[in-house]
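**Student:** Enclosed is the structure file query34.cif (mmCIF, C-alpha atoms).
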data_entry
#
loop_
_atom_site.label_atom_id
_atom_site.label_comp_id
_atom_site.auth_asym_id
_atom_site.auth_seq_id
_atom_site.Cartn_x
_atom_site.Cartn_y
_atom_site.Cartn_z
CA MET A 26 0.00 0.00 0.00
CA SER A 27 1.47 3.35 -1.04
CA THR A 28 1.34 6.53 1.02
CA ASP A 29 -1.23 7.81 -1.48
CA ASN A 30 -3.60 4.96 -0.60
CA LEU A 31 -2.90 4.80 3.12
CA LYS A 32 -5.87 5.99 5.19
CA PHE A 33 -6.52 6.37 8.90
CA LEU A 34 -10.01 6.56 10.45
CA VAL A 35 -10.50 8.10 13.91
CA VAL A 36 -13.99 7.90 15.43
CA ASP A 37 -14.82 9.76 18.63
CA ALA A 38 -17.51 12.20 19.74
CA LEU A 39 -14.85 14.39 21.39
CA ALA A 40 -13.28 16.90 19.01
CA GLY A 41 -10.16 17.00 21.21
CA VAL A 42 -9.52 13.29 20.72
CA GLN A 43 -9.98 13.67 16.97
CA SER A 44 -7.65 16.67 16.87
CA PHE A 45 -4.89 15.12 18.94
CA SER A 46 -5.03 11.84 17.01
CA ARG A 47 -4.73 13.84 13.80
CA GLN A 48 -1.74 15.76 15.18
CA LEU A 49 -0.03 12.52 16.20
CA LEU A 50 -0.39 11.04 12.72
CA LEU A 51 0.71 14.28 11.07
CA SER A 52 3.80 14.31 13.29
CA HIS A 53 4.78 10.95 11.79
CA GLY A 54 4.66 12.49 8.31
CA PHE A 55 1.33 11.13 7.13
CA ALA A 56 -0.63 13.40 4.79
CA ALA A 57 -3.52 15.45 6.16
CA ASP A 58 -5.91 14.02 3.56
CA SER A 59 -5.08 10.48 4.68
CA ILE A 60 -6.61 11.13 8.13
CA ILE A 61 -10.41 11.02 8.35
CA CYS A 62 -12.19 11.87 11.61
CA CYS A 63 -15.83 11.12 12.39
CA SER A 64 -17.96 11.86 15.44
CA ASP A 65 -20.28 8.85 15.20
CA PRO A 66 -20.07 5.19 14.05
CA GLU A 67 -22.63 5.55 11.28
CA SER A 68 -20.62 8.28 9.54
CA ALA A 69 -17.45 6.27 10.12
CA LEU A 70 -18.94 3.17 8.49
CA ALA A 71 -19.80 5.09 5.34
CA GLN A 72 -16.34 6.67 5.25
CA GLY A 73 -14.57 3.40 6.05
CA LEU A 74 -16.32 1.42 3.35
CA ASP A 75 -15.34 4.14 0.89
CA CYS A 76 -11.68 4.65 1.87
CA ALA A 77 -10.67 1.18 3.24
CA PRO A 78 -8.51 2.47 6.13
CA ALA A 79 -5.33 0.76 7.30
CA LEU A 80 -6.02 1.75 10.92
CA LEU A 81 -9.30 2.33 12.76
CA VAL A 82 -9.17 4.03 16.15
CA THR A 83 -12.65 4.24 17.63
CA ASP A 84 -14.49 4.93 20.85
CA TRP A 85 -16.42 1.97 22.22
CA PHE A 86 -19.79 3.69 21.59
CA GLY A 87 -21.44 1.12 23.85
CA LYS A 88 -24.85 2.83 23.84
CA SER A 89 -25.03 3.56 20.12
CA ALA A 90 -27.18 1.57 17.71
CA LEU A 91 -23.95 0.81 15.87
CA THR A 92 -21.30 0.21 18.53
CA GLY A 93 -17.57 0.62 18.10
CA VAL A 94 -17.19 -3.16 18.12
CA ALA A 95 -19.90 -3.58 15.47
CA LEU A 96 -18.24 -0.86 13.39
CA ALA A 97 -14.92 -2.68 13.62
CA GLU A 98 -16.53 -5.99 12.66
CA ARG A 99 -18.27 -4.45 9.64
CA LEU A 100 -15.09 -2.77 8.41
CA LYS A 101 -12.90 -5.82 9.05
CA SER A 102 -15.22 -7.89 6.87
CA ALA A 103 -14.70 -5.37 4.07
CA VAL A 104 -11.03 -4.63 4.82
CA PRO A 105 -9.47 -7.91 6.05
CA GLY A 106 -6.11 -6.30 6.88
CA LEU A 107 -7.65 -3.56 9.03
CA HIS A 108 -5.71 -2.67 12.20
CA LEU A 109 -7.67 -1.60 15.29
CA GLY A 110 -7.44 0.44 18.45
CA PHE A 111 -10.25 1.11 20.96
CA LEU A 112 -10.95 3.94 23.42
CA SER A 113 -13.46 3.47 26.23
CA PHE A 114 -14.58 4.89 29.57
CA GLU A 115 -15.18 1.29 30.65
CA CYS A 116 -12.50 -1.37 30.35
CA THR A 117 -13.91 -4.53 31.90
CA ALA A 118 -12.68 -8.06 31.29
CA GLU A 119 -15.48 -8.40 28.73
CA HIS A 120 -14.31 -5.28 26.91
CA GLU A 121 -10.76 -6.61 26.84
CA ALA A 122 -11.91 -10.00 25.58
CA GLN A 123 -13.88 -8.41 22.73
CA ALA A 124 -11.00 -6.12 21.77
CA LYS A 125 -8.55 -9.02 21.85
CA ALA A 126 -10.86 -11.22 19.76
CA LEU A 127 -10.89 -8.54 17.07
CA GLY A 128 -7.10 -8.32 17.16
CA ALA A 129 -7.00 -4.76 18.52
CA HIS A 130 -3.58 -3.30 19.25
CA PHE A 131 -4.90 -1.48 22.29
CA LEU A 132 -7.90 -0.72 24.49
CA LEU A 133 -7.18 2.62 26.16
CA LYS A 134 -9.27 3.68 29.13
CA LYS A 135 -10.69 7.19 29.20
CA PRO A 136 -9.78 9.70 30.46
CA PHE A 137 -6.20 9.23 29.30
CA THR A 138 -3.13 11.41 29.08
CA ALA A 139 -1.74 12.76 25.85
CA GLU A 140 1.37 10.64 26.45
CA GLN A 141 -0.68 7.46 26.85
CA LEU A 142 -2.47 8.00 23.55
CA ARG A 143 0.85 8.86 21.87
CA ALA A 144 2.41 5.65 23.19
CA GLU A 145 -0.48 3.42 22.12
CA MET A 146 -0.68 4.95 18.65
CA GLY A 147 3.07 4.56 18.30
CA ARG A 148 2.90 0.87 19.21
CA ALA A 149 0.05 0.32 16.77
CA LEU A 150 2.00 1.97 13.94
CA GLU A 151 5.09 -0.11 14.72
CA ALA A 152 2.98 -3.28 14.69
CA MET A 153 1.65 -2.25 11.26
CA ALA A 154 5.08 -1.41 9.82
CA PRO A 155 6.26 -4.96 8.89
CA GLU A 156 3.31 -5.49 6.54
CA LEU A 157 2.87 -1.89 5.37
CA PRO A 158 6.05 -0.43 3.83
CA ALA A 159 4.43 3.02 3.70
CA VAL A 160 4.07 3.03 7.49
CA LYS A 161 7.58 1.67 7.98
CA ALA A 162 9.00 4.40 5.75
CA ARG A 163 7.21 7.15 7.67
CA LEU A 164 8.30 5.82 11.04
CA HIS A 165 11.89 5.59 9.79
CA SER A 166 11.90 9.09 8.31
CA ALA A 167 10.32 10.53 11.46
CA GLY A 168 12.96 8.84 13.60
CA THR A 169 10.38 7.12 15.78
CA PRO A 170 12.14 5.17 18.56
CA ALA A 171 11.44 1.47 18.85
CA THR A 172 8.78 0.53 21.38
CA SER A 173 7.64 -2.85 22.57
CA VAL A 174 4.28 -4.02 21.27
CA ARG A 175 2.05 -4.55 24.29
CA PRO A 176 -1.07 -6.70 23.88
CA VAL A 177 -4.55 -5.66 24.96
CA GLY A 178 -5.23 -6.36 28.61
CA THR A 179 -1.81 -5.54 30.06
CA THR A 180 -1.05 -2.61 32.32
CA GLY A 181 -0.68 0.78 30.63
CA SER A 182 0.91 4.01 31.80
CA SER A 183 1.16 4.78 35.49
CA PRO A 184 -2.14 5.98 37.01
CA LEU A 185 -0.10 8.56 38.95
CA ARG A 186 0.75 10.44 35.75
CA PRO A 187 -1.06 13.82 35.85
CA ARG A 188 -3.96 14.22 33.46
CA VAL A 189 -3.54 16.71 30.66
CA VAL A 190 -6.15 18.38 28.54
CA LEU A 191 -6.08 17.22 24.94
CA PRO A 192 -5.90 20.15 22.52
CA VAL A 193 -9.17 21.06 20.90
CA ALA A 194 -8.56 22.57 17.49
CA PRO A 195 -11.81 22.04 15.54
CA PRO A 196 -15.03 22.84 17.40
CA ALA A 197 -17.41 20.00 18.15
CA PRO A 198 -20.11 19.65 15.49
CA ILE A 199 -23.20 21.63 16.37
CA VAL A 200 -25.42 19.22 14.47
CA LYS A 201 -25.93 15.47 14.63
CA PRO A 202 -27.43 12.85 12.33
CA GLY A 203 -31.19 13.29 12.15
CA ASP A 204 -31.17 17.08 12.66
CA GLN A 205 -32.98 19.33 10.19
CA VAL A 206 -30.96 22.06 8.45
CA VAL A 207 -31.51 24.57 5.67
CA PHE A 208 -29.21 24.48 2.65
CA GLY A 209 -29.76 26.22 -0.67
CA GLY A 210 -33.11 27.48 0.56
CA ASN A 211 -34.41 23.97 1.17
CA ARG A 212 -34.85 21.89 4.30
CA HIS A 213 -32.69 18.76 4.55
CA THR A 214 -32.08 15.92 7.01
CA VAL A 215 -28.51 15.40 8.22
CA MET A 216 -27.39 11.83 7.47
CA HIS A 217 -23.73 11.94 8.54
CA VAL A 218 -21.36 14.39 10.27
CA VAL A 219 -17.67 14.07 9.32
CA HIS A 220 -14.57 16.00 10.34
CA ARG A 221 -11.87 15.76 7.68
CA HIS A 222 -9.14 17.91 6.18
CA GLY A 223 -9.53 20.38 9.04
CA GLU A 224 -13.23 21.08 8.53
CA THR A 225 -16.61 19.63 9.47
CA VAL A 226 -18.82 18.53 6.57
CA LEU A 227 -22.31 17.10 6.41
CA GLN A 228 -23.91 14.43 4.25
CA LEU A 229 -27.46 15.63 3.64
CA LYS A 230 -30.29 13.40 2.51
CA GLY A 231 -30.77 13.88 -1.22
CA GLN A 232 -27.39 15.56 -1.70
CA ALA A 233 -24.69 13.63 -3.59
CA SER A 234 -21.71 15.49 -2.13
CA PHE A 235 -20.70 16.65 1.34
CA VAL A 236 -21.71 20.16 2.42
CA PRO A 237 -19.47 22.34 4.66
CA LEU A 238 -21.00 22.96 8.08
CA ASP A 239 -20.75 26.73 7.69
CA LYS A 240 -22.97 26.59 4.57
CA VAL A 241 -26.07 25.40 6.45
CA LYS A 242 -28.41 26.83 9.06
CA MET A 243 -30.42 25.02 11.67
CA ALA A 244 -34.02 24.59 10.56
#
For this file, write the structure as structure tokens.

**Tutor:**
Amino acid sequence: MSTDNLKFLVVDALAGVQSFSRQLLLSHGFAADSIICCSDPESALAQGLDCAPALLVTDWFGKSALTGVALAERLKSAVPGLHLGFLSFECTAEHEAQAKALGAHFLLKKPFTAEQLRAEMGRALEAMAPELPAVKARLHSAGTPATSVRPVGTTGSSPLRPRVVLPVAPPAPIVKPGDQVVFGGNRHTVMHVVHRHGETVLQLKGQASFVPLDKVKMA
């Protein structure tokens, strides 16, 4: 897979998590247009089926109709080589078993420090490198130090490490799937909300292309 085809999909309702994940991947030299961020699993499924990501990092979304686990299962069936990482406020033995069964590189408990997310993402990228030359080349050019690959379920960073606030660059979307908005003088239903390339865009029912958030008004 070339760097032109390499895609990363980050799925989390928190704009700060999306932003920091994007910054981490950019710091490794990956292109901005290779990093797609979504705020909900339904939007992520549509994006994932379209772009076939190499790495999916998603919140657990345990209360959503489409959970993070279900999202991962759907995308893995379409992208057999998909690599995974999970984020969750709950990390029970059942959560760990499900993440491990899907072959996830990590299950990171929220709230986490910036350093913890950086470490887990780094380990995931290093685990991907042997089978993806594009990832290996980026890690080498960025001078990323070798880290040990730690399986899901083992102890992470020290709980005594002070919490830090993840940077919030893009604002959280002010609309969600199902909301009614006005675009082009007509009323539309929001189908998907996606943050990509530094902006939030909407997929509106009946519209073939994405619409920038700042081009619509709440109905």

**Student:** Could you tell me, as number ranges by chain, exactly which residues end up selected when the PyMOL selection byres ((chain A and resi 121-136) around 6) is applied to this structure?

**Tutor:** A: 109-114, 118-120, 137, 149, 177-178

**Student:** How close does each residue of segment 86-164 of chain A get to segment 46-66 of chain A, giving the shortest atom pair and distance in Å to one decimal for every residue with an atom at most 12 Å away, counting all atoms listed in the file, sorted by chain and residue number, as JSON lines?

**Tutor:**
{"residue": "A:Phe86", "atom": "CA", "partner": "A:Pro66", "partner_atom": "CA", "distance": 7.7}
{"residue": "A:Gly87", "atom": "CA", "partner": "A:Pro66", "partner_atom": "CA", "distance": 10.7}
{"residue": "A:Lys88", "atom": "CA", "partner": "A:Pro66", "partner_atom": "CA", "distance": 11.1}
{"residue": "A:Ser89", "atom": "CA", "partner": "A:Pro66", "partner_atom": "CA", "distance": 8.0}
{"residue": "A:Ala90", "atom": "CA", "partner": "A:Pro66", "partner_atom": "CA", "distance": 8.8}
{"residue": "A:Leu91", "atom": "CA", "partner": "A:Pro66", "partner_atom": "CA", "distance": 6.1}
{"residue": "A:Thr92", "atom": "CA", "partner": "A:Pro66", "partner_atom": "CA", "distance": 6.8}
{"residue": "A:Gly93", "atom": "CA", "partner": "A:Pro66", "partner_atom": "CA", "distance": 6.6}
{"residue": "A:Val94", "atom": "CA", "partner": "A:Pro66", "partner_atom": "CA", "distance": 9.7}
{"residue": "A:Ala95", "atom": "CA", "partner": "A:Pro66", "partner_atom": "CA", "distance": 8.9}
{"residue": "A:Leu96", "atom": "CA", "partner": "A:Pro66", "partner_atom": "CA", "distance": 6.4}
{"residue": "A:Ala97", "atom": "CA", "partner": "A:Pro66", "partner_atom": "CA", "distance": 9.4}
{"residue": "A:Glu98", "atom": "CA", "partner": "A:Pro66", "partner_atom": "CA", "distance": 11.8}
{"residue": "A:Arg99", "atom": "CA", "partner": "A:Pro66", "partner_atom": "CA", "distance": 10.8}
{"residue": "A:Leu100", "atom": "CA", "partner": "A:Pro66", "partner_atom": "CA", "distance": 11.0}
{"residue": "A:Gly110", "atom": "CA", "partner": "A:Ser46", "partner_atom": "CA", "distance": 11.7}
{"residue": "A:Leu112", "atom": "CA", "partner": "A:Ser46", "partner_atom": "CA", "distance": 11.8}
{"residue": "A:Ala139", "atom": "CA", "partner": "A:Ser46", "partner_atom": "CA", "distance": 9.5}
{"residue": "A:Glu140", "atom": "CA", "partner": "A:Leu49", "partner_atom": "CA", "distance": 10.5}
{"residue": "A:Gln141", "atom": "CA", "partner": "A:Ser46", "partner_atom": "CA", "distance": 11.6}
{"residue": "A:Leu142", "atom": "CA", "partner": "A:Ser46", "partner_atom": "CA", "distance": 8.0}
{"residue": "A:Arg143", "atom": "CA", "partner": "A:Leu49", "partner_atom": "CA", "distance": 6.8}
{"residue": "A:Ala144", "atom": "CA", "partner": "A:Leu49", "partner_atom": "CA", "distance": 10.1}
{"residue": "A:Glu145", "atom": "CA", "partner": "A:Ser46", "partner_atom": "CA", "distance": 10.8}
{"residue": "A:Met146", "atom": "CA", "partner": "A:Leu49", "partner_atom": "CA", "distance": 8.0}
{"residue": "A:Gly147", "atom": "CA", "partner": "A:Leu49", "partner_atom": "CA", "distance": 8.8}
{"residue": "A:Ala149", "atom": "CA", "partner": "A:Leu50", "partner_atom": "CA", "distance": 11.5}
{"residue": "A:Leu150", "atom": "CA", "partner": "A:Leu50", "partner_atom": "CA", "distance": 9.5}
{"residue": "A:Glu151", "atom": "CA", "partner": "A:His53", "partner_atom": "CA", "distance": 11.4}
{"residue": "A:Ala159", "atom": "CA", "partner": "A:Phe55", "partner_atom": "CA", "distance": 9.3}
{"residue": "A:Val160", "atom": "CA", "partner": "A:Phe55", "partner_atom": "CA", "distance": 8.6}
{"residue": "A:Lys161", "atom": "CA", "partner": "A:His53", "partner_atom": "CA", "distance": 10.4}
{"residue": "A:Ala162", "atom": "CA", "partner": "A:Gly54", "partner_atom": "CA", "distance": 9.5}
{"residue": "A:Arg163", "atom": "CA", "partner": "A:Gly54", "partner_atom": "CA", "distance": 6.0}
{"residue": "A:Leu164", "atom": "CA", "partner": "A:His53", "partner_atom": "CA", "distance": 6.3}

**Student:** Find the residues around segment 228-238 of chain A up to 9 Å (only C-alpha atoms counted), leave out those fewer than 2 positions away in its own chain, and share them as number ranges by chain.

**Tutor:** A: 68, 198-200, 202, 206, 208, 213-219, 224-226, 240-242

**Student:** Write out the residues from the selection above, keeping C-alpha atoms, as a compact mmCIF listing (two decimals), in the coordinates of the input.

**Tutor:**
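Writing done, so here's result26.txt:
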# COMPACT_ATOMS: atom_id res chain seq x y z
CA SER A 68 -20.62 8.28 9.54
CA PRO A 198 -20.11 19.65 15.49
CA ILE A 199 -23.20 21.63 16.37
CA VAL A 200 -25.42 19.22 14.47
CA PRO A 202 -27.43 12.85 12.33
CA VAL A 206 -30.96 22.06 8.45
CA PHE A 208 -29.21 24.48 2.65
CA HIS A 213 -32.69 18.76 4.55
CA THR A 214 -32.08 15.92 7.01
CA VAL A 215 -28.51 15.40 8.22
CA MET A 216 -27.39 11.83 7.47
CA HIS A 217 -23.73 11.94 8.54
CA VAL A 218 -21.36 14.39 10.27
CA VAL A 219 -17.67 14.07 9.32
CA GLU A 224 -13.23 21.08 8.53
CA THR A 225 -16.61 19.63 9.47
CA VAL A 226 -18.82 18.53 6.57
CA LYS A 240 -22.97 26.59 4.57
CA VAL A 241 -26.07 25.40 6.45
CA LYS A 242 -28.41 26.83 9.06

**Student:** To one decimal in Å, tell me the separation between atom CA of Ala40 of chain A and atom CA of Lys201 of chain A.

**Tutor:**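 Interatomic distance here is 13.5 Å.
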
**Student:** To one decimal place, how far is atom CA of Thr117 of chain A from atom CA of Ser102 of chain A in Å?

**Tutor:** 25.3 Å

**Student:** What are the centre and the three edge lengths of an axis-aligned box that wraps all atoms of segment 222-241 of chain A in the file, given that 4 Å is added to every side, written as AutoDock Vina command-line options and rounded to one decimal in Å?

**Tutor:**
--center_x -20.0 --center_y 20.1 --center_z 2.9 --size_x 29.6 --size_y 21.3 --size_z 21.1

**Student:** Expressed in Å to a single decimal, how great is the separation between atom CA of Leu157 of chain A and atom CA of Leu70 of chain A?

**Tutor:**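 Those two atoms sit 22.6 Å apart.
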
**Student:** So, counting only C-alpha atoms, which residue among A:Ala244, A:Ala152, A:Ala69, A:Leu31 is closest to His108 of chain A?

**Tutor:**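 Ranking A:Ala244, A:Ala152, A:Ala69, A:Leu31 by distance to His108 of chain A, first place goes to A:Ala152.
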
**Student:** Quick one: of A:Val36, A:Val42, A:Leu80, A:Cys116, who's nearest to Glu67 of chain A, counting all atoms listed in the file?

**Tutor:**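 Closest residue, counting all atoms listed in the file: A:Val36.
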
**Student:** For segment 79-102 of chain A, which lacks atoms in the input, supply N, CA, C and O atoms and format the output as a JSON list (two decimals), in the frame of the given file.

**Tutor:**
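This is the output file result-v4.json:
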[["chain", "number", "residue", "atom", "x", "y", "z"],
["A", 79, "ALA", "N", -6.31, 1.72, 6.78],
["A", 79, "ALA", "CA", -5.33, 0.76, 7.30],
["A", 79, "ALA", "C", -5.47, 0.63, 8.81],
["A", 79, "ALA", "O", -5.23, -0.42, 9.38],
["A", 80, "LEU", "N", -5.89, 1.74, 9.47],
["A", 80, "LEU", "CA", -6.02, 1.75, 10.92],
["A", 80, "LEU", "C", -7.33, 2.43, 11.31],
["A", 80, "LEU", "O", -7.63, 3.53, 10.84],
["A", 81, "LEU", "N", -8.08, 1.78, 12.18],
["A", 81, "LEU", "CA", -9.30, 2.33, 12.76],
["A", 81, "LEU", "C", -9.08, 2.52, 14.25],
["A", 81, "LEU", "O", -8.76, 1.56, 14.95],
["A", 82, "VAL", "N", -9.21, 3.74, 14.73],
["A", 82, "VAL", "CA", -9.17, 4.03, 16.15],
["A", 82, "VAL", "C", -10.54, 4.58, 16.52],
["A", 82, "VAL", "O", -10.95, 5.63, 16.03],
["A", 83, "THR", "N", -11.27, 3.85, 17.36],
["A", 83, "THR", "CA", -12.65, 4.24, 17.63],
["A", 83, "THR", "C", -13.00, 4.15, 19.11],
["A", 83, "THR", "O", -12.48, 3.30, 19.84],
["A", 84, "ASP", "N", -13.88, 5.03, 19.52],
["A", 84, "ASP", "CA", -14.49, 4.93, 20.85],
["A", 84, "ASP", "C", -15.34, 3.66, 20.88],
["A", 84, "ASP", "O", -15.75, 3.14, 19.83],
["A", 85, "TRP", "N", -15.64, 3.19, 22.06],
["A", 85, "TRP", "CA", -16.42, 1.97, 22.22],
["A", 85, "TRP", "C", -17.87, 2.17, 21.77],
["A", 85, "TRP", "O", -18.50, 1.24, 21.26],
["A", 86, "PHE", "N", -18.41, 3.37, 21.96],
["A", 86, "PHE", "CA", -19.79, 3.69, 21.59],
["A", 86, "PHE", "C", -20.75, 2.59, 22.05],
["A", 86, "PHE", "O", -21.58, 2.09, 21.27],
["A", 87, "GLY", "N", -20.66, 2.24, 23.33],
["A", 87, "GLY", "CA", -21.44, 1.12, 23.85],
["A", 87, "GLY", "C", -22.95, 1.32, 23.82],
["A", 87, "GLY", "O", -23.70, 0.34, 23.80],
["A", 88, "LYS", "N", -23.41, 2.57, 23.82],
["A", 88, "LYS", "CA", -24.85, 2.83, 23.84],
["A", 88, "LYS", "C", -25.41, 3.21, 22.47],
["A", 88, "LYS", "O", -26.59, 3.51, 22.37],
["A", 89, "SER", "N", -24.57, 3.21, 21.46],
["A", 89, "SER", "CA", -25.03, 3.56, 20.12],
["A", 89, "SER", "C", -25.68, 2.36, 19.43],
["A", 89, "SER", "O", -25.39, 1.21, 19.76],
["A", 90, "ALA", "N", -26.55, 2.66, 18.47],
["A", 90, "ALA", "CA", -27.18, 1.57, 17.71],
["A", 90, "ALA", "C", -26.10, 0.76, 17.00],
["A", 90, "ALA", "O", -26.17, -0.47, 16.93],
["A", 91, "LEU", "N", -25.12, 1.46, 16.46],
["A", 91, "LEU", "CA", -23.95, 0.81, 15.87],
["A", 91, "LEU", "C", -22.79, 1.07, 16.82],
["A", 91, "LEU", "O", -22.28, 2.18, 16.93],
["A", 92, "THR", "N", -22.37, 0.05, 17.55],
["A", 92, "THR", "CA", -21.30, 0.21, 18.53],
["A", 92, "THR", "C", -19.93, 0.26, 17.85],
["A", 92, "THR", "O", -19.81, -0.06, 16.66],
["A", 93, "GLY", "N", -18.93, 0.63, 18.63],
["A", 93, "GLY", "CA", -17.57, 0.62, 18.10],
["A", 93, "GLY", "C", -17.13, -0.78, 17.68],
["A", 93, "GLY", "O", -16.44, -0.94, 16.66],
["A", 94, "VAL", "N", -17.52, -1.77, 18.45],
["A", 94, "VAL", "CA", -17.19, -3.16, 18.12],
["A", 94, "VAL", "C", -17.87, -3.58, 16.82],
["A", 94, "VAL", "O", -17.26, -4.19, 15.94],
["A", 95, "ALA", "N", -19.16, -3.23, 16.70],
["A", 95, "ALA", "CA", -19.90, -3.58, 15.47],
["A", 95, "ALA", "C", -19.30, -2.86, 14.27],
["A", 95, "ALA", "O", -19.20, -3.44, 13.17],
["A", 96, "LEU", "N", -18.89, -1.61, 14.47],
["A", 96, "LEU", "CA", -18.24, -0.86, 13.39],
["A", 96, "LEU", "C", -16.96, -1.57, 12.96],
["A", 96, "LEU", "O", -16.71, -1.75, 11.76],
["A", 97, "ALA", "N", -16.16, -1.98, 13.93],
["A", 97, "ALA", "CA", -14.92, -2.68, 13.62],
["A", 97, "ALA", "C", -15.18, -3.99, 12.88],
["A", 97, "ALA", "O", -14.48, -4.33, 11.92],
["A", 98, "GLU", "N", -16.20, -4.72, 13.32],
["A", 98, "GLU", "CA", -16.53, -5.99, 12.66],
["A", 98, "GLU", "C", -16.97, -5.76, 11.21],
["A", 98, "GLU", "O", -16.56, -6.51, 10.32],
["A", 99, "ARG", "N", -17.80, -4.74, 11.00],
["A", 99, "ARG", "CA", -18.27, -4.45, 9.64],
["A", 99, "ARG", "C", -17.10, -4.07, 8.73],
["A", 99, "ARG", "O", -17.01, -4.53, 7.58],
["A", 100, "LEU", "N", -16.21, -3.23, 9.24],
["A", 100, "LEU", "CA", -15.09, -2.77, 8.41],
["A", 100, "LEU", "C", -14.06, -3.88, 8.20],
["A", 100, "LEU", "O", -13.46, -3.98, 7.13],
["A", 101, "LYS", "N", -13.85, -4.72, 9.21],
["A", 101, "LYS", "CA", -12.90, -5.82, 9.05],
["A", 101, "LYS", "C", -13.38, -6.81, 7.99],
["A", 101, "LYS", "O", -12.57, -7.42, 7.29],
["A", 102, "SER", "N", -14.70, -6.97, 7.89],
["A", 102, "SER", "CA", -15.22, -7.89, 6.87],
["A", 102, "SER", "C", -14.99, -7.34, 5.47],
["A", 102, "SER", "O", -14.85, -8.09, 4.51]]
